[in-house]
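Let me begin by presenting the structure, written as structure tokens, before commenting on it.
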Amino acid sequence: MTGNLRTWIPRGIVAVAIVLGIAIPFLVTDYDLFAMSRVLAVAICVVSLNLLMGFSGQISLGQGAIFGVGGYAAMMLLRYAEWPIGLAVIGAMGVSIVLGVIIGIPGARLGGFNLGLLTIVIAALFPIVLYRFSDFTGGQAGITLSGLGLVSPTDSLTDAQWAYLVILLVLLFCIGVLRVIVSGRTGRALAALRTAPILASSMGIDADRLKATVFVLSSAIAGLGGALYAFVLGLVVPESYPLVFSITILVASVVGGGRSWWGAIVGAAAIVYLPSWLSEQIPGDTSAYLAQLIFAIVLGLCIIIAPQGVAGLVARLYRSLWHSPAPQDPGFTADQPTQKEIQ
Amino acid sequence: MTEFIQITLDGLMTGLIYAALALALSVIFQGTGMLNLAQGEMAVLAAYISYSALMMGIPLWLAIPIAIVISAAIGAAVYFVVVRWVDRRNQTALTTLGVTLLLGISAIVSMIWGTDPQRFPPLFGTWVVGFAGLRLTSQQVAGAVLVGGAMLAMVLLFKYTAFGLRLRAVAQNQSSAALLGITGGVWLASGWAVASGVGTIAGVVAAPSLGLSPGMMTVPLLMALAATNLGGISSRGGVVLGGLMIGVLTALGGRYVPGLGGDLNVLLAFVVVIAIVMMKPAGLFGRESTVRA
């Protein structure tokens, strides 16, 4: 009986959270919804990094740049090519996939820290390229939409409510797809690749191919999130996507918990809300750098003492409530596959 | 032809900065297995420290050594406080730690000194020497002297001193070194200190021409990363040559390849490096390593 309860309580919490998530737009103001929509769009990006780092043990220091590429591609397709909004989003994913192939294949081939290296180059160069080709990208002013990106098709929903619900559904859909991927045969292959790369190749897993595929998939999702984020804001500017932003996405993924889906949403909320909350407390530029410093300290602490992030801490707390022997805390991403992955 | 030689010469001089940073990266990688993505930011911090010393009226010849000593201490502290807690086999965690440091140091620098570029005084005054139609600015001469001096000091340190021998022993095989009484921690911290010292030179040499700002070393760091890949991160001499080659390559590319120039040269550096590393994974001068299952 207890065993049943132990598995049903978390499921119940998830169900309640989803219902709450759907009910929220009818409870809060459109202004708050705007911030929440941003959180959810960023969460899509964090989820994509969870797949890459948490589950396959690869690093990307440029996920924010790919998110930005998705945003720019969607805005350009909508604005200049005048594609309908759905097609523009798909086009943005296509562009992100191409970028993913360009980075992912050499990254997987070269192995080691090289993927980290290539992605940090992309992250550092992206804003520079945007300024450089200002004829296409609008330079510092960026690209703005004349109207709203996500316009409500019915009178019963305001535009803000509609945007929020669309992004929430896309996020839940992405999480659903990724859950299927990481729990099946591919998931076991990924766990093997993460924990024992040599063993994985000895067992016939085509490591390079799998790594590259995961990178491309994760790029596609990041691009999707970026396109939605751009539509929520109604503009894209280079200063939204500096190298620091890409690193902040990494903070959200690791601090939330590299293999936790709800942790990704918590992480995304932290990186969206903390800077704006701090800027209300402290006037001037300092608040942005203070937020950056806090992120760095928390990320450092997570790497050293809480490799599974907030989600890991909560899971440990939950287990201790049931007096079950706590499994030894595995190291950062290169840890043992969990029981669930083996089954 | 004169132009070509002049651009090559300019490239070599810029390449010195990349070489110094790449050398720092290589020393830390050999010691702790970490690709220290914060190396550029640490050099920026060092440059700001010497800038503050200069502003306090301390003369240049004293300000630079002070900055070297302080950043060496910071480097050792970084090792003791954070790096040594992370498993050196865990590449993802180490790389993440690198960007964590980058994020933190850049935040601290921005909070203390602000983000507006500061004018860093020229190191050796302002003059130009001409020779057979070629010219060298005082900036470039200062860079060559300082970086050259640092490189020479490194060679002497690693090759001819007991200190350097122990550093190499720990870098090569930590457990064997421990059996000989060379306990890892102190020596790995020394490696971090030495690397930060070299990085300081890169920062101070770059500051007058790039303008002192928190993001000053981002592009040089990327170039240095390309250099370590090109030369092979396990070879100290290799990465220095790699840095010089990247300097010349990007200078020539920026001049003769249409559409390139400025910071976009990073792209050229990486395209070339990836093409070479695809054929020679350990870099031009690095040793291949094998792993057993």
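For the structure tokens, the naming scheme is as follows: chains receive sequential letters (A, B, ...) according to their order of presentation, residues are indexed from 1 within each chain, and ligands are indexed from 1 in presentation order.
Within 7 Å of chain B, counting only C-alpha atoms, chain A contributes Gly57, Gln58, Ile59, Leu110, Phe113, Val121, Ile198, Leu199, Val244, Ile247, Thr286, Tyr289, Leu290, Gln292, Leu293, Ala296, Leu299, Gly300, Ile303, Ile304, Phe332 and Ala334 of chain A.
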Shell around B:Ala206 at 12 Å using only C-alpha atoms, local window under 5 positions removed, as a PyMOL selection string: chain B and resi 13-18+20-21+40+43-44+46-48+119-123+139-140+142-144+146-147+199-201+211-213+215-221
Requested write-out: C-alpha atoms of the selected residues, as a tab-separated table (two decimals), in the first residue's frame:
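Result saved to again.tsv:
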chain	number	residue	atom	x	y	z
B	13	MET	CA	52.63	40.06	-32.84
B	14	THR	CA	48.90	39.50	-32.20
B	15	GLY	CA	49.61	35.79	-32.17
B	16	LEU	CA	51.90	36.33	-29.17
B	17	ILE	CA	48.86	37.19	-27.04
B	18	TYR	CA	47.05	34.06	-28.23
B	20	ALA	CA	50.49	33.30	-23.99
B	21	LEU	CA	46.86	32.47	-23.27
B	40	GLY	CA	40.56	35.01	-20.63
B	43	ALA	CA	43.61	37.74	-17.64
B	44	VAL	CA	41.09	40.60	-17.72
B	46	ALA	CA	44.79	40.76	-13.86
B	47	ALA	CA	44.81	43.64	-16.34
B	48	TYR	CA	42.32	45.55	-14.18
B	119	ARG	CA	42.12	53.57	-21.52
B	120	PHE	CA	45.11	51.47	-20.52
B	121	PRO	CA	48.34	53.48	-20.93
B	122	PRO	CA	50.78	52.20	-23.57
B	123	LEU	CA	53.45	50.04	-21.97
B	139	GLN	CA	52.87	48.28	-28.63
B	140	GLN	CA	54.06	45.32	-30.67
B	142	ALA	CA	56.32	45.69	-25.81
B	143	GLY	CA	54.21	42.60	-26.49
B	144	ALA	CA	57.11	40.75	-28.05
B	146	LEU	CA	56.95	40.76	-22.39
B	147	VAL	CA	55.45	37.62	-23.91
B	199	GLY	CA	47.74	34.92	-18.42
B	200	THR	CA	48.46	38.23	-16.70
B	201	ILE	CA	51.06	39.03	-19.35
B	211	GLY	CA	40.84	48.91	-24.54
B	212	LEU	CA	40.33	47.59	-21.04
B	213	SER	CA	36.80	46.18	-20.67
B	215	GLY	CA	34.73	41.40	-22.49
B	216	MET	CA	38.19	42.33	-23.78
B	217	MET	CA	39.63	38.82	-23.83
B	218	THR	CA	36.64	36.91	-25.25
B	219	VAL	CA	37.93	36.82	-28.80
B	220	PRO	CA	41.60	36.27	-27.81
B	221	LEU	CA	40.42	33.37	-25.63
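Distance check against A:Ile205 using only C-alpha atoms: of A:Leu235, A:Ala74, A:Ala288, A:Ala191, the minimum falls on A:Ala191.
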As a check of understanding: the span from atom CA of B:Leu165 to atom CA of B:Gly33 is 18.2 Å
Write out as a PyMOL selection string the residues lying within 9 Å of stretch 132-139 of chain A, counting only C-alpha atoms and excluding same-chain residues fewer than 2 positions away. (chain A and resi 72+76+127-130+141-143+236-238) or (chain B and resi 264)
Which residues are close to B:Asn173, i.e. within 12 Å by only C-alpha atoms, leaving aside same-chain residues fewer than 5 positions away? Reply as a PyMOL selection string. chain B and resi 30-33+166-168+178-180+182-184+188
With C-alpha atoms kept, could you save the residues just selected as a PDB file, in the first residue's frame?
ATOM      1  CA  GLN B  30      48.024  19.111 -18.238  1.00  0.00           C
ATOM      2  CA  GLY B  31      47.793  19.567 -14.486  1.00  0.00           C
ATOM      3  CA  THR B  32      44.092  19.323 -13.733  1.00  0.00           C
ATOM      4  CA  GLY B  33      42.584  18.010 -16.977  1.00  0.00           C
ATOM      5  CA  ARG B 166      57.781  18.454  -9.902  1.00  0.00           C
ATOM      6  CA  LEU B 167      55.072  20.323 -11.809  1.00  0.00           C
ATOM      7  CA  ARG B 168      55.700  18.090 -14.801  1.00  0.00           C
ATOM      8  CA  ALA B 178      52.458  11.131  -4.874  1.00  0.00           C
ATOM      9  CA  LEU B 179      54.470   7.942  -4.237  1.00  0.00           C
ATOM     10  CA  LEU B 180      57.623  10.012  -4.648  1.00  0.00           C
ATOM     11  CA  ILE B 182      55.134  15.103  -4.412  1.00  0.00           C
ATOM     12  CA  THR B 183      51.608  15.477  -3.114  1.00  0.00           C
ATOM     13  CA  GLY B 184      49.224  16.589  -5.823  1.00  0.00           C
ATOM     14  CA  LEU B 188      48.451  21.472  -9.018  1.00  0.00           C
TER      15      LEU B 188
END
Notebook entry, point to check: What residues in stretch 205-268 of chain B get the DSSP label helix (DSSP H, G or I)? Please answer as a ChimeraX atom specification.
Noted result: /B:205-210,218-231,236-256,262-268
Residues from the last selection, N, CA and C atoms, saved as a compact mmCIF listing (two decimals), in the first residue's frame:
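Saved as again03.txt:
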# COMPACT_ATOMS: atom_id res chain seq x y z
N VAL B 205 49.35 42.94 -22.04
CA VAL B 205 49.79 43.27 -23.39
C VAL B 205 48.59 43.62 -24.28
N ALA B 206 47.45 42.93 -24.06
CA ALA B 206 46.29 43.17 -24.92
C ALA B 206 45.57 44.47 -24.55
N ALA B 207 45.62 44.84 -23.26
CA ALA B 207 44.79 45.94 -22.77
C ALA B 207 44.98 47.27 -23.52
N PRO B 208 46.23 47.73 -23.77
CA PRO B 208 46.35 49.05 -24.41
C PRO B 208 45.74 49.09 -25.81
N SER B 209 45.87 48.01 -26.59
CA SER B 209 45.35 48.08 -27.96
C SER B 209 43.86 47.74 -28.03
N LEU B 210 43.38 46.83 -27.16
CA LEU B 210 41.97 46.46 -27.24
C LEU B 210 41.08 47.39 -26.43
N THR B 218 37.49 37.99 -24.72
CA THR B 218 36.64 36.91 -25.25
C THR B 218 37.19 36.37 -26.56
N VAL B 219 37.43 37.28 -27.51
CA VAL B 219 37.93 36.82 -28.80
C VAL B 219 39.34 36.23 -28.69
N PRO B 220 40.29 36.91 -27.98
CA PRO B 220 41.60 36.27 -27.81
C PRO B 220 41.50 34.88 -27.17
N LEU B 221 40.57 34.69 -26.24
CA LEU B 221 40.42 33.37 -25.63
C LEU B 221 40.01 32.34 -26.68
N LEU B 222 39.04 32.73 -27.54
CA LEU B 222 38.60 31.79 -28.57
C LEU B 222 39.76 31.45 -29.49
N MET B 223 40.56 32.47 -29.84
CA MET B 223 41.72 32.23 -30.69
C MET B 223 42.70 31.30 -29.99
N ALA B 224 42.87 31.51 -28.67
CA ALA B 224 43.79 30.66 -27.92
C ALA B 224 43.27 29.23 -27.86
N LEU B 225 41.94 29.07 -27.76
CA LEU B 225 41.36 27.72 -27.76
C LEU B 225 41.63 27.04 -29.10
N ALA B 226 41.46 27.81 -30.18
CA ALA B 226 41.78 27.27 -31.50
C ALA B 226 43.26 26.87 -31.54
N ALA B 227 44.11 27.71 -30.94
CA ALA B 227 45.55 27.43 -30.95
C ALA B 227 45.88 26.16 -30.18
N THR B 228 45.21 25.95 -29.04
CA THR B 228 45.51 24.74 -28.28
C THR B 228 45.08 23.51 -29.06
N ASN B 229 43.96 23.61 -29.78
CA ASN B 229 43.53 22.48 -30.58
C ASN B 229 44.49 22.23 -31.73
N LEU B 230 44.95 23.32 -32.33
CA LEU B 230 45.84 23.20 -33.48
C LEU B 230 47.19 22.61 -33.06
N GLY B 231 47.75 23.16 -31.99
CA GLY B 231 49.07 22.72 -31.59
C GLY B 231 49.04 21.41 -30.82
N ARG B 236 53.32 21.99 -24.68
CA ARG B 236 53.44 23.42 -24.37
C ARG B 236 54.03 24.19 -25.54
N GLY B 237 55.08 23.63 -26.15
CA GLY B 237 55.66 24.29 -27.31
C GLY B 237 54.68 24.35 -28.46
N GLY B 238 53.92 23.26 -28.60
CA GLY B 238 52.95 23.17 -29.70
C GLY B 238 51.90 24.26 -29.64
N VAL B 239 51.38 24.52 -28.43
CA VAL B 239 50.31 25.52 -28.35
C VAL B 239 50.85 26.92 -28.62
N VAL B 240 52.10 27.17 -28.24
CA VAL B 240 52.70 28.48 -28.51
C VAL B 240 52.82 28.68 -30.02
N LEU B 241 53.36 27.65 -30.70
CA LEU B 241 53.43 27.73 -32.17
C LEU B 241 52.04 27.87 -32.75
N GLY B 242 51.09 27.11 -32.19
CA GLY B 242 49.70 27.20 -32.64
C GLY B 242 49.18 28.62 -32.54
N GLY B 243 49.48 29.27 -31.42
CA GLY B 243 49.02 30.65 -31.22
C GLY B 243 49.58 31.58 -32.29
N LEU B 244 50.87 31.43 -32.58
CA LEU B 244 51.49 32.28 -33.60
C LEU B 244 50.88 32.00 -34.97
N MET B 245 50.65 30.69 -35.25
CA MET B 245 50.07 30.35 -36.55
C MET B 245 48.67 30.93 -36.69
N ILE B 246 47.89 30.82 -35.61
CA ILE B 246 46.53 31.38 -35.65
C ILE B 246 46.59 32.89 -35.87
N GLY B 247 47.55 33.55 -35.21
CA GLY B 247 47.70 34.99 -35.38
C GLY B 247 47.96 35.36 -36.82
N VAL B 248 48.91 34.66 -37.45
CA VAL B 248 49.25 34.96 -38.85
C VAL B 248 48.09 34.61 -39.77
N LEU B 249 47.51 33.43 -39.54
CA LEU B 249 46.40 32.97 -40.39
C LEU B 249 45.24 33.97 -40.39
N THR B 250 44.85 34.42 -39.18
CA THR B 250 43.69 35.30 -39.12
C THR B 250 44.04 36.69 -39.66
N ALA B 251 45.29 37.12 -39.46
CA ALA B 251 45.67 38.43 -40.01
C ALA B 251 45.62 38.40 -41.53
N LEU B 252 46.16 37.34 -42.12
CA LEU B 252 46.16 37.23 -43.57
C LEU B 252 44.74 37.04 -44.10
N GLY B 253 43.99 36.18 -43.40
CA GLY B 253 42.61 35.92 -43.82
C GLY B 253 41.77 37.20 -43.77
N GLY B 254 41.96 37.97 -42.68
CA GLY B 254 41.19 39.19 -42.53
C GLY B 254 41.49 40.18 -43.64
N ARG B 255 42.74 40.13 -44.16
CA ARG B 255 43.13 41.08 -45.20
C ARG B 255 42.72 40.60 -46.58
N TYR B 256 42.93 39.31 -46.86
CA TYR B 256 42.80 38.86 -48.25
C TYR B 256 41.51 38.11 -48.55
N GLY B 262 37.97 41.70 -38.55
CA GLY B 262 37.45 41.92 -37.19
C GLY B 262 37.29 40.59 -36.45
N ASP B 263 36.24 40.55 -35.63
CA ASP B 263 36.05 39.38 -34.78
C ASP B 263 35.62 38.15 -35.56
N LEU B 264 35.13 38.35 -36.78
CA LEU B 264 34.71 37.19 -37.58
C LEU B 264 35.87 36.28 -37.93
N ASN B 265 37.10 36.80 -37.76
CA ASN B 265 38.27 35.98 -38.04
C ASN B 265 38.29 34.72 -37.20
N VAL B 266 37.62 34.75 -36.04
CA VAL B 266 37.53 33.56 -35.19
C VAL B 266 36.98 32.39 -35.99
N LEU B 267 35.99 32.71 -36.85
CA LEU B 267 35.36 31.68 -37.65
C LEU B 267 36.38 31.00 -38.55
N LEU B 268 37.22 31.82 -39.20
CA LEU B 268 38.25 31.29 -40.08
C LEU B 268 39.18 30.38 -39.29
Across A:Lys211, A:Ser183, A:Gly147, A:Gln161, the smallest distance to A:Tyr31, with only C-alpha atoms counted, is shown by A:Gln161
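The neighbours of B:Gly133 here are the residues that come within 10 Å of it, using only C-alpha atoms and leaving out any residue fewer than 3 positions away in the same chain; they are Thr2, Glu3, Ile5, Gln6 and Gly130 of chain B.
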Strand (DSSP E or B) residues, from DSSP on the backbone, in stretch 98-192 of chain B, as an mmCIF file with C-alpha atoms, in the first residue's frame:
data_model
loop_
_atom_site.group_PDB
_atom_site.id
_atom_site.type_symbol
_atom_site.label_atom_id
_atom_site.label_comp_id
_atom_site.auth_asym_id
_atom_site.auth_seq_id
_atom_site.Cartn_x
_atom_site.Cartn_y
_atom_site.Cartn_z
ATOM 1 C CA GLN B 118 39.069 52.196 -19.810
ATOM 2 C CA LEU B 123 53.454 50.044 -21.971
ATOM 3 C CA GLY B 125 55.355 54.833 -24.764
ATOM 4 C CA VAL B 128 57.196 53.324 -34.410
ATOM 5 C CA VAL B 129 60.321 51.695 -35.797
ATOM 6 C CA GLY B 130 60.693 51.316 -39.539
ATOM 7 C CA PHE B 131 62.904 48.827 -41.332
ATOM 8 C CA LEU B 134 58.146 47.466 -42.582
ATOM 9 C CA ARG B 135 57.078 48.985 -39.293
ATOM 10 C CA LEU B 136 56.666 47.851 -35.730
ATOM 11 C CA THR B 137 54.748 49.884 -33.169
#
Could you name the residues that touch A:Thr7 at 12 Å or less, counting only C-alpha atoms, but leaving out those on the same chain fewer than 6 positions away, as a VMD selection string?
chain A and resid 1 13 to 14 318 to 319 322
Counting only C-alpha atoms, the residue among B:Ala150, B:Val170, B:Val194, B:Leu60 that lies closest to B:Phe124 is B:Leu60
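Interatomic distance, atom CA of A:Phe245 against atom CA of A:Gly64: 5.9 Å.
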